[in-house]
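Trainee: Below is input-v8.cif; it holds mmCIF, C-alpha atoms and all ligand atoms.
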data_final
loop_
_atom_site.label_atom_id
_atom_site.label_comp_id
_atom_site.auth_asym_id
_atom_site.auth_seq_id
_atom_site.Cartn_x
_atom_site.Cartn_y
_atom_site.Cartn_z
CA MET V 879 -17.51 -40.59 -28.43
CA GLN V 880 -19.74 -42.87 -26.38
CA GLU V 881 -23.23 -43.55 -27.63
CA MET V 882 -25.76 -41.21 -26.04
CA SER V 883 -29.10 -42.39 -24.61
CA ARG V 884 -31.06 -44.74 -26.86
CA ARG V 885 -34.30 -43.67 -25.19
CA ASN V 886 -34.83 -40.40 -26.96
CA LYS V 887 -34.13 -41.86 -30.37
CA GLN V 888 -37.72 -43.05 -30.00
CA PHE V 889 -39.23 -39.57 -29.86
CA THR V 890 -38.64 -36.19 -31.47
CA ASP V 891 -39.02 -32.76 -29.99
CA SER V 892 -42.63 -31.74 -29.34
CA VAL V 893 -44.49 -30.95 -32.58
CA ILE V 894 -46.88 -28.70 -30.63
CA ARG V 895 -44.07 -26.57 -29.29
CA ARG V 896 -42.31 -26.63 -32.68
CA MET V 897 -45.47 -25.16 -34.21
CA THR V 898 -45.23 -22.29 -31.69
CA ARG V 899 -41.74 -21.50 -32.99
CA ILE V 900 -43.01 -21.63 -36.59
CA ALA V 901 -45.95 -19.37 -35.66
CA LEU V 902 -43.56 -16.81 -34.16
CA ASP V 903 -41.32 -16.97 -37.22
CA ALA V 904 -44.26 -16.66 -39.63
CA GLY V 905 -46.12 -14.00 -37.65
CA ALA V 906 -49.09 -16.39 -37.49
CA ILE V 907 -51.81 -16.44 -34.84
CA ASN V 908 -50.82 -19.33 -32.61
CA LEU V 909 -53.82 -21.65 -32.31
CA ALA V 910 -51.36 -24.54 -32.00
CA GLN V 911 -49.96 -24.58 -28.45
CA GLY V 912 -52.83 -24.28 -25.99
CA PHE V 913 -52.43 -21.15 -23.92
CA PRO V 914 -54.66 -18.09 -23.47
CA ASP V 915 -53.79 -14.58 -24.59
CA PHE V 916 -56.02 -13.02 -21.90
CA ASP V 917 -54.99 -12.11 -18.36
CA PRO V 918 -55.00 -14.36 -15.29
CA PRO V 919 -57.38 -13.36 -12.46
CA LYS V 920 -56.59 -9.82 -11.28
CA ALA V 921 -56.41 -10.89 -7.63
CA MET V 922 -53.49 -13.20 -8.46
CA LEU V 923 -51.67 -10.48 -10.39
CA ASP V 924 -52.16 -7.96 -7.56
CA ARG V 925 -50.87 -10.47 -5.04
CA LEU V 926 -47.90 -11.26 -7.29
CA ALA V 927 -46.98 -7.56 -7.31
CA GLU V 928 -47.00 -7.54 -3.49
CA VAL V 929 -45.07 -10.79 -3.28
CA SER V 930 -42.39 -9.43 -5.58
CA HIS V 931 -41.39 -7.11 -2.71
CA GLU V 932 -42.40 -9.21 0.29
CA GLY V 933 -41.01 -12.56 -0.89
CA PRO V 934 -40.54 -15.44 -0.57
CA HIS V 935 -37.80 -15.64 -3.16
CA GLN V 936 -35.75 -18.58 -1.95
CA TYR V 937 -36.13 -22.34 -2.21
CA PRO V 938 -39.56 -23.50 -1.15
CA ILE V 939 -40.22 -26.52 1.01
CA THR V 940 -39.66 -29.28 -1.53
CA MET V 941 -43.18 -30.70 -1.42
CA GLY V 942 -44.71 -27.24 -1.89
CA ALA V 943 -45.24 -24.24 0.40
CA PRO V 944 -47.45 -25.33 3.32
CA ASN V 945 -50.03 -22.55 2.76
CA PHE V 946 -50.21 -23.40 -0.96
CA ARG V 947 -50.71 -27.10 -0.23
CA ALA V 948 -53.36 -26.24 2.36
CA ALA V 949 -55.15 -24.07 -0.24
CA LEU V 950 -54.90 -26.91 -2.77
CA ALA V 951 -56.38 -29.32 -0.25
CA ARG V 952 -59.30 -26.95 0.34
CA LYS V 953 -59.95 -26.31 -3.36
CA CYS V 954 -59.39 -29.82 -4.72
CA GLY V 955 -61.07 -31.48 -1.75
CA ARG V 956 -64.15 -29.33 -2.37
CA PHE V 957 -64.42 -30.46 -6.00
CA MET V 958 -63.39 -34.07 -5.40
CA GLY V 959 -65.76 -34.44 -2.46
CA ARG V 960 -63.17 -35.74 -0.01
CA THR V 961 -60.96 -34.35 2.75
CA LEU V 962 -57.38 -34.21 1.50
CA ASN V 963 -54.37 -34.23 3.78
CA PRO V 964 -52.03 -31.52 2.45
CA ASP V 965 -49.00 -33.10 4.15
CA THR V 966 -49.36 -36.67 2.99
CA GLU V 967 -51.56 -36.63 -0.12
CA ILE V 968 -50.37 -33.63 -2.17
CA VAL V 969 -47.11 -32.67 -3.84
CA VAL V 970 -46.59 -29.44 -5.79
CA THR V 971 -44.74 -29.86 -9.07
CA ILE V 972 -43.53 -27.91 -12.09
CA GLY V 973 -46.82 -28.11 -13.94
CA SER V 974 -48.91 -31.19 -14.40
CA THR V 975 -46.14 -32.24 -16.79
CA GLU V 976 -43.74 -32.94 -13.95
CA ALA V 977 -46.51 -34.52 -11.87
CA MET V 978 -47.08 -37.03 -14.68
CA VAL V 979 -43.38 -37.82 -15.06
CA ASP V 980 -42.84 -38.27 -11.31
CA THR V 981 -45.91 -40.49 -11.14
CA ILE V 982 -44.90 -42.69 -14.05
CA PHE V 983 -41.41 -43.14 -12.55
CA ALA V 984 -42.84 -43.80 -9.09
CA LEU V 985 -45.34 -46.46 -10.17
CA THR V 986 -43.53 -48.38 -12.89
CA ASN V 987 -40.45 -50.45 -13.54
CA PRO V 988 -38.57 -50.64 -16.85
CA GLY V 989 -40.48 -52.83 -19.29
CA ASP V 990 -43.90 -52.16 -17.73
CA LYS V 991 -46.85 -51.45 -19.98
CA ILE V 992 -48.97 -48.29 -19.74
CA ILE V 993 -52.37 -48.19 -21.45
CA MET V 994 -53.25 -44.92 -23.14
CA PHE V 995 -56.07 -43.88 -25.41
CA SER V 996 -55.43 -42.61 -28.92
CA PRO V 997 -55.65 -39.77 -29.84
CA TYR V 998 -53.46 -38.75 -26.89
CA PHE V 999 -51.56 -35.68 -25.70
CA GLU V 1000 -48.10 -36.03 -27.17
CA ASN V 1001 -46.23 -35.73 -23.84
CA TYR V 1002 -47.49 -39.11 -22.64
CA HIS V 1003 -45.69 -41.38 -25.05
CA ALA V 1004 -42.37 -39.58 -24.58
CA GLN V 1005 -42.84 -39.70 -20.80
CA ALA V 1006 -43.50 -43.46 -20.93
CA ILE V 1007 -40.40 -43.98 -23.06
CA MET V 1008 -38.29 -41.92 -20.63
CA ALA V 1009 -39.31 -44.39 -17.91
CA ASP V 1010 -38.48 -47.34 -20.22
CA CYS V 1011 -42.15 -48.29 -20.34
CA GLU V 1012 -44.14 -49.53 -23.29
CA ALA V 1013 -47.34 -47.77 -24.36
CA VAL V 1014 -50.35 -49.92 -25.25
CA PHE V 1015 -52.77 -47.81 -27.29
CA VAL V 1016 -56.55 -48.18 -27.29
CA PRO V 1017 -58.44 -46.20 -29.95
CA LEU V 1018 -61.07 -43.60 -29.14
CA VAL V 1019 -63.14 -43.79 -32.28
CA PRO V 1020 -64.25 -40.47 -33.84
CA PRO V 1021 -66.61 -38.67 -34.07
CA GLU V 1022 -67.92 -39.60 -30.58
CA PHE V 1023 -64.54 -40.90 -29.39
CA HIS V 1024 -66.07 -43.99 -27.82
CA PHE V 1025 -63.84 -46.92 -26.93
CA ASP V 1026 -64.62 -50.58 -27.41
CA PRO V 1027 -64.71 -52.22 -23.94
CA GLU V 1028 -63.44 -55.48 -25.43
CA VAL V 1029 -60.41 -53.81 -26.97
CA LEU V 1030 -59.77 -52.03 -23.68
CA GLU V 1031 -59.97 -55.25 -21.67
CA ASP V 1032 -57.56 -56.88 -24.12
CA ALA V 1033 -55.07 -54.15 -23.26
CA PHE V 1034 -55.54 -54.86 -19.53
CA ARG V 1035 -55.05 -58.58 -20.22
CA GLN V 1036 -51.59 -57.80 -21.59
CA GLY V 1037 -50.49 -57.18 -18.00
CA ALA V 1038 -50.48 -53.39 -17.84
CA LYS V 1039 -49.13 -51.63 -14.75
CA ALA V 1040 -51.12 -48.43 -15.26
CA ILE V 1041 -53.68 -46.71 -17.43
CA LEU V 1042 -53.14 -43.07 -18.26
CA ILE V 1043 -56.29 -41.06 -18.96
CA CYS V 1044 -56.68 -37.46 -19.99
CA ASN V 1045 -60.08 -36.29 -18.81
CA PRO V 1046 -61.36 -33.98 -20.28
CA SER V 1047 -59.28 -35.08 -23.22
CA ASN V 1048 -56.76 -33.25 -25.26
CA PRO V 1049 -57.08 -33.32 -28.29
CA SER V 1050 -60.47 -35.03 -28.72
CA GLY V 1051 -62.47 -32.90 -26.29
CA LYS V 1052 -63.99 -36.07 -24.88
CA VAL V 1053 -65.35 -35.95 -21.33
CA PHE V 1054 -65.51 -39.49 -19.97
CA THR V 1055 -68.94 -40.28 -18.53
CA TYR V 1056 -69.40 -41.76 -15.08
CA ASP V 1057 -70.32 -45.09 -16.67
CA GLU V 1058 -67.21 -45.15 -18.85
CA LEU V 1059 -65.00 -44.34 -15.86
CA LYS V 1060 -66.77 -46.98 -13.79
CA LEU V 1061 -66.10 -49.57 -16.49
CA ILE V 1062 -62.42 -48.57 -16.53
CA ALA V 1063 -62.29 -48.51 -12.73
CA ASP V 1064 -63.70 -52.03 -12.54
CA LEU V 1065 -60.98 -53.19 -14.95
CA CYS V 1066 -58.31 -51.43 -12.87
CA ILE V 1067 -59.50 -53.30 -9.79
CA LYS V 1068 -59.90 -56.64 -11.60
CA TYR V 1069 -56.42 -56.51 -13.16
CA ASP V 1070 -54.71 -54.58 -10.33
CA VAL V 1071 -53.79 -51.56 -12.44
CA TYR V 1072 -53.05 -47.97 -11.34
CA ALA V 1073 -54.99 -45.05 -12.85
CA ILE V 1074 -52.91 -41.99 -13.73
CA MET V 1075 -55.30 -39.14 -14.45
CA ASP V 1076 -54.40 -35.94 -16.27
CA GLU V 1077 -57.17 -33.56 -15.25
CA VAL V 1078 -55.80 -30.17 -16.27
CA TYR V 1079 -59.06 -29.34 -18.10
CA GLU V 1080 -61.30 -30.33 -15.15
CA HIS V 1081 -63.03 -26.91 -15.12
CA ILE V 1082 -63.49 -26.54 -18.89
CA ILE V 1083 -66.64 -28.53 -19.58
CA TYR V 1084 -69.49 -27.69 -21.97
CA ASP V 1085 -73.25 -28.18 -22.04
CA ASN V 1086 -74.59 -31.02 -19.92
CA ASN V 1087 -71.29 -32.85 -19.57
CA ARG V 1088 -69.91 -33.35 -16.05
CA HIS V 1089 -66.39 -34.00 -14.83
CA THR V 1090 -66.08 -37.08 -12.65
CA TYR V 1091 -62.89 -37.57 -10.66
CA MET V 1092 -61.64 -41.13 -11.06
CA ASN V 1093 -60.39 -41.15 -7.46
CA SER V 1094 -63.98 -40.63 -6.26
CA LEU V 1095 -65.17 -43.96 -7.70
CA PRO V 1096 -65.57 -46.93 -5.34
CA GLY V 1097 -62.23 -48.65 -4.70
CA MET V 1098 -60.26 -46.17 -6.82
CA TRP V 1099 -58.78 -43.72 -4.30
CA GLU V 1100 -56.14 -46.31 -3.32
CA ARG V 1101 -54.91 -46.78 -6.90
CA THR V 1102 -55.39 -43.37 -8.53
CA VAL V 1103 -53.05 -40.43 -8.98
CA SER V 1104 -54.76 -37.22 -10.07
CA CYS V 1105 -52.37 -34.85 -11.84
CA SER V 1106 -53.45 -31.31 -12.57
CA SER V 1107 -52.25 -27.76 -12.46
CA LEU V 1108 -53.09 -24.10 -12.25
CA SER V 1109 -52.02 -23.58 -15.88
CA LYS V 1110 -55.42 -23.81 -17.53
CA THR V 1111 -57.83 -23.10 -14.66
CA TYR V 1112 -56.22 -19.76 -13.77
CA SER V 1113 -54.72 -18.92 -17.20
CA VAL V 1114 -51.14 -19.08 -15.90
CA THR V 1115 -49.43 -21.64 -18.14
CA GLY V 1116 -46.12 -19.81 -17.61
CA TRP V 1117 -46.19 -20.02 -13.82
CA ARG V 1118 -45.58 -23.78 -14.05
CA LEU V 1119 -47.55 -24.68 -10.94
CA GLY V 1120 -48.90 -28.22 -10.93
CA TYR V 1121 -49.59 -30.97 -8.45
CA ALA V 1122 -50.32 -34.61 -7.90
CA ILE V 1123 -52.93 -35.93 -5.46
CA ALA V 1124 -52.65 -39.53 -4.33
CA PRO V 1125 -53.01 -41.77 -1.27
CA GLU V 1126 -50.05 -41.66 1.10
CA PRO V 1127 -48.26 -44.89 0.05
CA LEU V 1128 -48.19 -43.77 -3.60
CA MET V 1129 -47.48 -40.16 -2.71
CA GLU V 1130 -44.40 -41.07 -0.67
CA ARG V 1131 -42.81 -42.52 -3.81
CA ILE V 1132 -43.95 -39.70 -6.10
CA LYS V 1133 -42.45 -37.14 -3.71
CA GLN V 1134 -39.03 -38.81 -3.94
CA TYR V 1135 -38.93 -38.38 -7.71
CA HIS V 1136 -40.11 -34.80 -7.36
CA ASP V 1137 -37.48 -34.02 -4.73
CA PHE V 1138 -34.56 -35.07 -6.90
CA ASN V 1139 -36.03 -33.95 -10.23
CA THR V 1140 -36.86 -30.34 -9.54
CA VAL V 1141 -36.42 -29.55 -5.81
CA GLY V 1142 -39.59 -27.49 -5.85
CA ALA V 1143 -41.99 -25.16 -7.61
CA PRO V 1144 -41.35 -21.37 -7.71
CA SER V 1145 -41.95 -19.99 -4.22
CA PRO V 1146 -43.19 -16.45 -5.11
CA LEU V 1147 -45.68 -17.86 -7.58
CA MET V 1148 -47.08 -20.35 -5.07
CA GLU V 1149 -47.54 -17.49 -2.61
CA ALA V 1150 -49.32 -15.35 -5.22
CA ALA V 1151 -51.57 -18.20 -6.36
CA VAL V 1152 -53.08 -18.98 -2.94
CA VAL V 1153 -55.64 -16.21 -3.47
CA GLY V 1154 -56.67 -17.92 -6.74
CA LEU V 1155 -57.18 -21.30 -5.10
CA ASP V 1156 -59.36 -19.63 -2.47
CA MET V 1157 -61.75 -18.11 -5.01
CA PRO V 1158 -65.42 -19.06 -4.62
CA ASP V 1159 -67.48 -21.33 -6.89
CA SER V 1160 -68.61 -18.28 -8.87
CA TYR V 1161 -65.07 -17.99 -10.30
CA TYR V 1162 -65.34 -21.46 -11.87
CA GLU V 1163 -68.85 -20.72 -13.16
CA GLU V 1164 -67.69 -17.51 -14.86
CA PHE V 1165 -64.56 -19.21 -16.13
CA GLY V 1166 -66.66 -22.02 -17.68
CA ALA V 1167 -69.08 -19.51 -19.19
CA HIS V 1168 -66.16 -17.62 -20.77
CA TYR V 1169 -64.92 -20.83 -22.40
CA ALA V 1170 -68.43 -21.67 -23.63
CA HIS V 1171 -68.51 -18.20 -25.21
CA MET V 1172 -65.12 -18.68 -26.93
CA LYS V 1173 -66.13 -22.12 -28.16
CA LYS V 1174 -69.36 -20.79 -29.66
CA LEU V 1175 -67.69 -17.81 -31.29
CA PHE V 1176 -64.99 -19.97 -32.85
CA THR V 1177 -67.10 -22.96 -33.91
CA ASP V 1178 -69.83 -20.70 -35.36
CA GLY V 1179 -67.07 -19.08 -37.41
CA LEU V 1180 -65.72 -22.44 -38.61
CA LYS V 1181 -69.26 -23.45 -39.61
CA ASN V 1182 -69.68 -20.25 -41.62
CA ILE V 1183 -66.39 -20.84 -43.41
CA GLY V 1184 -67.37 -24.46 -44.04
CA ILE V 1185 -64.48 -26.16 -42.24
CA PRO V 1186 -65.73 -29.43 -40.71
CA PHE V 1187 -64.73 -30.08 -37.09
CA THR V 1188 -65.59 -32.21 -34.07
CA ASP V 1189 -67.51 -30.40 -31.34
CA PRO V 1190 -65.69 -30.79 -27.98
CA GLN V 1191 -67.43 -31.75 -24.72
CA GLY V 1192 -64.56 -30.28 -22.72
CA ALA V 1193 -61.06 -28.72 -22.96
CA TYR V 1194 -60.44 -26.04 -25.59
CA PHE V 1195 -59.60 -27.74 -28.85
CA VAL V 1196 -61.40 -28.71 -32.02
CA LEU V 1197 -60.17 -31.32 -34.45
CA ALA V 1198 -60.74 -29.86 -37.90
CA ASN V 1199 -60.84 -31.79 -41.14
CA ILE V 1200 -58.46 -30.36 -43.73
CA SER V 1201 -59.03 -32.88 -46.52
CA PRO V 1202 -60.66 -30.27 -48.84
CA TYR V 1203 -57.45 -28.19 -48.69
CA LEU V 1204 -54.71 -30.83 -48.67
CA LYS V 1205 -52.62 -31.10 -51.82
CA LYS V 1206 -51.96 -34.53 -53.28
CA GLY V 1207 -49.11 -36.19 -51.43
CA GLN V 1208 -48.84 -33.39 -48.85
CA SER V 1209 -48.42 -34.52 -45.25
CA ASP V 1210 -50.34 -32.84 -42.45
CA VAL V 1211 -47.04 -31.55 -41.03
CA GLU V 1212 -46.21 -29.87 -44.36
CA PHE V 1213 -49.76 -28.55 -44.53
CA CYS V 1214 -49.57 -26.95 -41.07
CA GLU V 1215 -46.26 -25.27 -41.84
CA GLU V 1216 -47.59 -23.91 -45.15
CA MET V 1217 -50.80 -22.81 -43.49
CA ALA V 1218 -48.94 -20.89 -40.76
CA ARG V 1219 -46.98 -19.02 -43.42
CA LYS V 1220 -49.69 -18.47 -46.04
CA VAL V 1221 -52.93 -18.25 -44.04
CA GLY V 1222 -51.31 -16.86 -40.89
CA VAL V 1223 -52.89 -19.33 -38.46
CA ALA V 1224 -50.85 -22.05 -36.75
CA CYS V 1225 -52.38 -25.37 -35.72
CA VAL V 1226 -51.03 -28.83 -34.89
CA PRO V 1227 -50.93 -31.78 -37.33
CA GLY V 1228 -53.16 -34.66 -36.24
CA THR V 1229 -50.40 -37.23 -36.70
CA SER V 1230 -48.82 -36.02 -33.47
CA PHE V 1231 -51.87 -37.26 -31.53
CA PHE V 1232 -53.18 -40.33 -33.36
CA ARG V 1233 -51.68 -43.82 -33.50
CA GLU V 1234 -54.16 -44.62 -36.23
CA ASN V 1235 -53.44 -43.69 -39.79
CA VAL V 1236 -54.93 -40.20 -40.07
CA SER V 1237 -53.59 -37.63 -42.48
CA ASP V 1238 -56.30 -34.99 -42.76
CA ILE V 1239 -56.93 -33.73 -39.21
CA VAL V 1240 -55.47 -30.74 -37.40
CA ARG V 1241 -55.92 -29.56 -33.83
CA VAL V 1242 -56.91 -25.93 -33.35
CA HIS V 1243 -57.44 -24.25 -29.98
CA PHE V 1244 -59.70 -21.35 -29.09
CA ALA V 1245 -58.43 -20.09 -25.70
CA LYS V 1246 -58.08 -16.60 -27.06
CA LYS V 1247 -59.55 -13.10 -26.78
CA ASP V 1248 -62.54 -12.40 -29.02
CA GLU V 1249 -60.48 -10.11 -31.24
CA THR V 1250 -57.82 -12.81 -31.74
CA LEU V 1251 -60.48 -15.35 -32.65
CA TYR V 1252 -62.17 -12.93 -35.10
CA ASP V 1253 -58.80 -12.21 -36.68
CA ALA V 1254 -58.03 -15.95 -36.95
CA LEU V 1255 -61.46 -16.66 -38.47
CA ASP V 1256 -60.99 -13.84 -40.94
CA ARG V 1257 -57.66 -15.33 -42.02
CA LEU V 1258 -59.16 -18.84 -42.16
CA SER V 1259 -61.94 -17.60 -44.43
CA HIS V 1260 -59.26 -17.29 -47.14
CA ILE V 1261 -57.88 -20.79 -46.59
CA LYS V 1262 -59.13 -22.15 -49.91
CA GLU V 1263 -57.40 -19.63 -52.15
CA LYS V 1264 -54.27 -19.30 -49.97
CA MET V 1265 -53.68 -23.06 -49.81
CA ALA V 1266 -54.55 -23.69 -53.47
C1 LIG P 1 -53.61 -32.67 -21.49
C2 LIG P 1 -52.54 -31.80 -21.01
N1 LIG P 1 -51.84 -32.17 -19.94
C3 LIG P 1 -50.84 -31.42 -19.46
C4 LIG P 1 -50.51 -30.23 -20.07
C5 LIG P 1 -49.39 -29.43 -19.50
O1 LIG P 1 -49.85 -28.86 -18.33
P1 LIG P 1 -48.90 -28.05 -17.35
O2 LIG P 1 -48.82 -26.65 -17.86
O3 LIG P 1 -49.63 -28.13 -16.07
O4 LIG P 1 -47.59 -28.72 -17.31
C6 LIG P 1 -51.22 -29.79 -21.18
C7 LIG P 1 -50.85 -28.53 -21.84
O5 LIG P 1 -51.28 -28.20 -22.91
C8 LIG P 1 -52.25 -30.60 -21.65
O6 LIG P 1 -52.97 -30.24 -22.72
#
Could I get this file's structure written as structure tokens?
Ligand SMILES: Cc1ncc(COP(=O)(O)O)c(C=O)c1O
Mentor:
Amino acid sequence: MQEMSRRNKQFTDSVIRRMTRIALDAGAINLAQGFPDFDPPKAMLDRLAEVSHEGPHQYPITMGAPNFRAALARKCGRFMGRTLNPDTEIVVTIGSTEAMVDTIFALTNPGDKIIMFSPYFENYHAQAIMADCEAVFVPLVPPEFHFDPEVLEDAFRQGAKAILICNPSNPSGKVFTYDELKLIADLCIKYDVYAIMDEVYEHIIYDNNRHTYMNSLPGMWERTVSCSSLSKTYSVTGWRLGYAIAPEPLMERIKQYHDFNTVGAPSPLMEAAVVGLDMPDSYYEEFGAHYAHMKKLFTDGLKNIGIPFTDPQGAYFVLANISPYLKKGQSDVEFCEEMARKVGVACVPGTSFFRENVSDIVRVHFAKKDETLYDALDRLSHIKEKMA
């Protein structure tokens, strides 16, 4: 038999999604893969019920249903502070995941370097490898997850084609400040580098932190692709509706990859989601307040149990320190599997996010109903004896 692709010898299946399968098998509460167990907005569900009879049910326009793209232009333009052209600057994809892949393929050539921060969302490295690109990692140093500007500029000096930034960040919870983004933007302009932004957590921000869109910085619209989706903002991770926003010359290329990769996003779901995109500012305020509530409930509980963790500025994850519970010689992957089975709570081993040598960190998410979080905290309160 002929040798199969050498590319995917460089990555395994997703550890996050593997932990979901282990959670199901073990009957554990899944705080590993980040998705809510509460309902999407009622207006979207009601509209979906209507659409199930009215249609559309056939192939959509490849770039996304016109009314959905128009609604995206209204909603995203409002938050980004610019007028977006739904025909030339937006493409609808299968989640932000596809938007990222299309963008990486559209902007790079085999052998190109892509800068990414570590810890990083595990999709990115695999996506870079799929495009035959090389990842150049720059550490975000805990507990504040600051980066060293010198180390970052060194990465730019290596001749990178693009920098990929998750803002707000999964898994660190970092929200990049305006000044940090400006520093990165200046480097992008100086070294002629594209910015690929993953902004799926743009509306999940805590306390006094603010989300700044990279494409709103001076000189950055021309070289930035903003990838995001409805998954997190409207609690519909299973609808697989995402999008990329970019200036026309970049978008033309991204659209080509989208066209041949997936043909289009699900037409009934786009139709049902328009009502969500048209919701007023109060929706995002209530949504943010709900996440602040879940974060407080969960982190107060972790404090009471005595599990140390990093407090996120955005997104819905904490990085918890498991060193008091790790057995000698046990890897974090083994720990997470044992914990799912014995404690009944699934989380993700830190080694799937960090390039640095970390062995005692796990990622836990709190996008869950109060009762699920109380149940998880109750189970976690027995972690010491169960993992002994
Ligand atoms: C940072 C980040 N980007 C992208 C995704 C995937 O988003 P989508 O459902 O839009 O494909 C996730 C999902 O957990 C994520 O955490």
Trainee: Which residues are close to Pro914 of chain V, i.e. within 8 Å by all atoms listed in the file, leaving aside same-chain residues fewer than 6 positions away? Reply as an MDAnalysis selection string.
Mentor: chainID V and resid 1113 1245:1247
Trainee: Would you work out the distance separating atom O5 of ligand LIG 1 (chain P) from atom CA of Pro1158 of chain V, expressed in Å to one decimal?
Mentor: 24.9 Å
Trainee: Find the residues around Ser1201 of chain V up to 10 Å (all atoms listed in the file counted), leave out those fewer than 6 positions away in its own chain, and share them as JSON, numbers by chain.
Mentor: {"V": [1185, 1186, 1210, 1237, 1238, 1239]}
Trainee: Give me, as an NGL selection string, the set of residues whose atoms come within 8 Å of any atom of ligand LIG 1 (chain P), counting only C-alpha atoms and all ligand atoms.
Mentor: :V and (911-913 or 972-976 or 999 or 1001 or 1044-1049 or 1076-1079 or 1106-1110 or 1115-1116 or 1118-1120)
Trainee: Using all atoms listed in the file, determine which residues lie at most 12 Å from Lys1060 of chain V, disregarding the query and same-chain residues fewer than 3 positions distant; provide the list as a list in words.
Mentor: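 Returned residues: Pro1027, Phe1054, Thr1055, Tyr1056, Asp1057, Ala1063, Asp1064, Leu1065, Cys1066, Ile1067, Ala1073, Thr1090, Tyr1091, Met1092, Asn1093, Ser1094, Leu1095, Pro1096, Gly1097 and Met1098 of chain V.
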Trainee: I'd like the neighbourhood of Arg885 of chain V as an NGL selection string, where a residue qualifies if any of its atoms comes within 10 Å (using only C-alpha atoms), though same-chain residues fewer than 2 positions away should be ignored.
Mentor: :V and (882-883 or 887-889 or 1004 or 1007-1010)
Trainee: May I ask for the distance between atom CA of Gly1166 of chain V and atom CA of Tyr1084 of chain V, given in Å to one decimal place?
Mentor: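 Between these atoms lies a distance of 7.7 Å.
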Trainee: Can you pull out the residues contacting segment 1234-1236 of chain V? Cut-off 12 Å, using all atoms listed in the file, and skip same-chain residues under 2 positions away; I want them as a list in words.
Mentor: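 Final neighbour list, sorted by chain and number: Phe995, Ser996, Pro997, Tyr998, Phe1015, Val1016, Pro1017, Leu1018, Val1019, Pro1020, Leu1197, Asn1199, Ile1200, Ser1201, Ser1209, Asp1210, Val1211, Pro1227, Gly1228, Thr1229, Ser1230, Phe1231, Phe1232, Asp1238, Ile1239 and Val1240 of chain V.
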Trainee: Go through V:Val1242, V:Arg884, V:Ala904, V:Ile1123 and flag the residue nearest Phe1187 of chain V, using only C-alpha atoms for the distances.
Mentor: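 Among the listed residues, the smallest separation from Phe1187 of chain V belongs to V:Val1242.
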Trainee: Between atom CA of Val1014 of chain V and atom CA of Trp1099 of chain V, measure the distance and give it in Å to one decimal.
Mentor: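 Distance reported for this atom pair: 23.4 Å.
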Trainee: Counting only C-alpha atoms, figure out which residue out of V:Ala1193, V:Glu1012, V:Glu1149, V:Val1053 gets nearest to Glu932 of chain V.
Mentor: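 Comparing V:Ala1193, V:Glu1012, V:Glu1149, V:Val1053 against Glu932 of chain V, the winner is V:Glu1149.
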Trainee: Would you be able to write out as a list in words which residues have an atom within 8 Å of (-52.4, -22.3, -48.5) in the file's coordinates, counting all atoms listed in the file?
Mentor: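 Checked against the point, the hits come out as Tyr1203, Phe1213, Glu1216, Met1217, Lys1220, Val1221, Ile1261, Lys1262, Glu1263, Lys1264, Met1265 and Ala1266 of chain V.
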Trainee: Which is closest to Val929 of chain V among V:Val969, V:Met879, V:Met1148, V:Ile1062, if we use only C-alpha atoms?
Mentor: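 Residue with the minimum atom-to-atom distance to Val929 of chain V: V:Met1148.
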Trainee: Restricting the calculation to all atoms listed in the file: of V:Gly1154, V:Pro1021, V:Gly1037, V:Gly942, which residue gets closest to Thr971 of chain V?
Mentor: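 Among the listed residues, the smallest separation from Thr971 of chain V belongs to V:Gly942.
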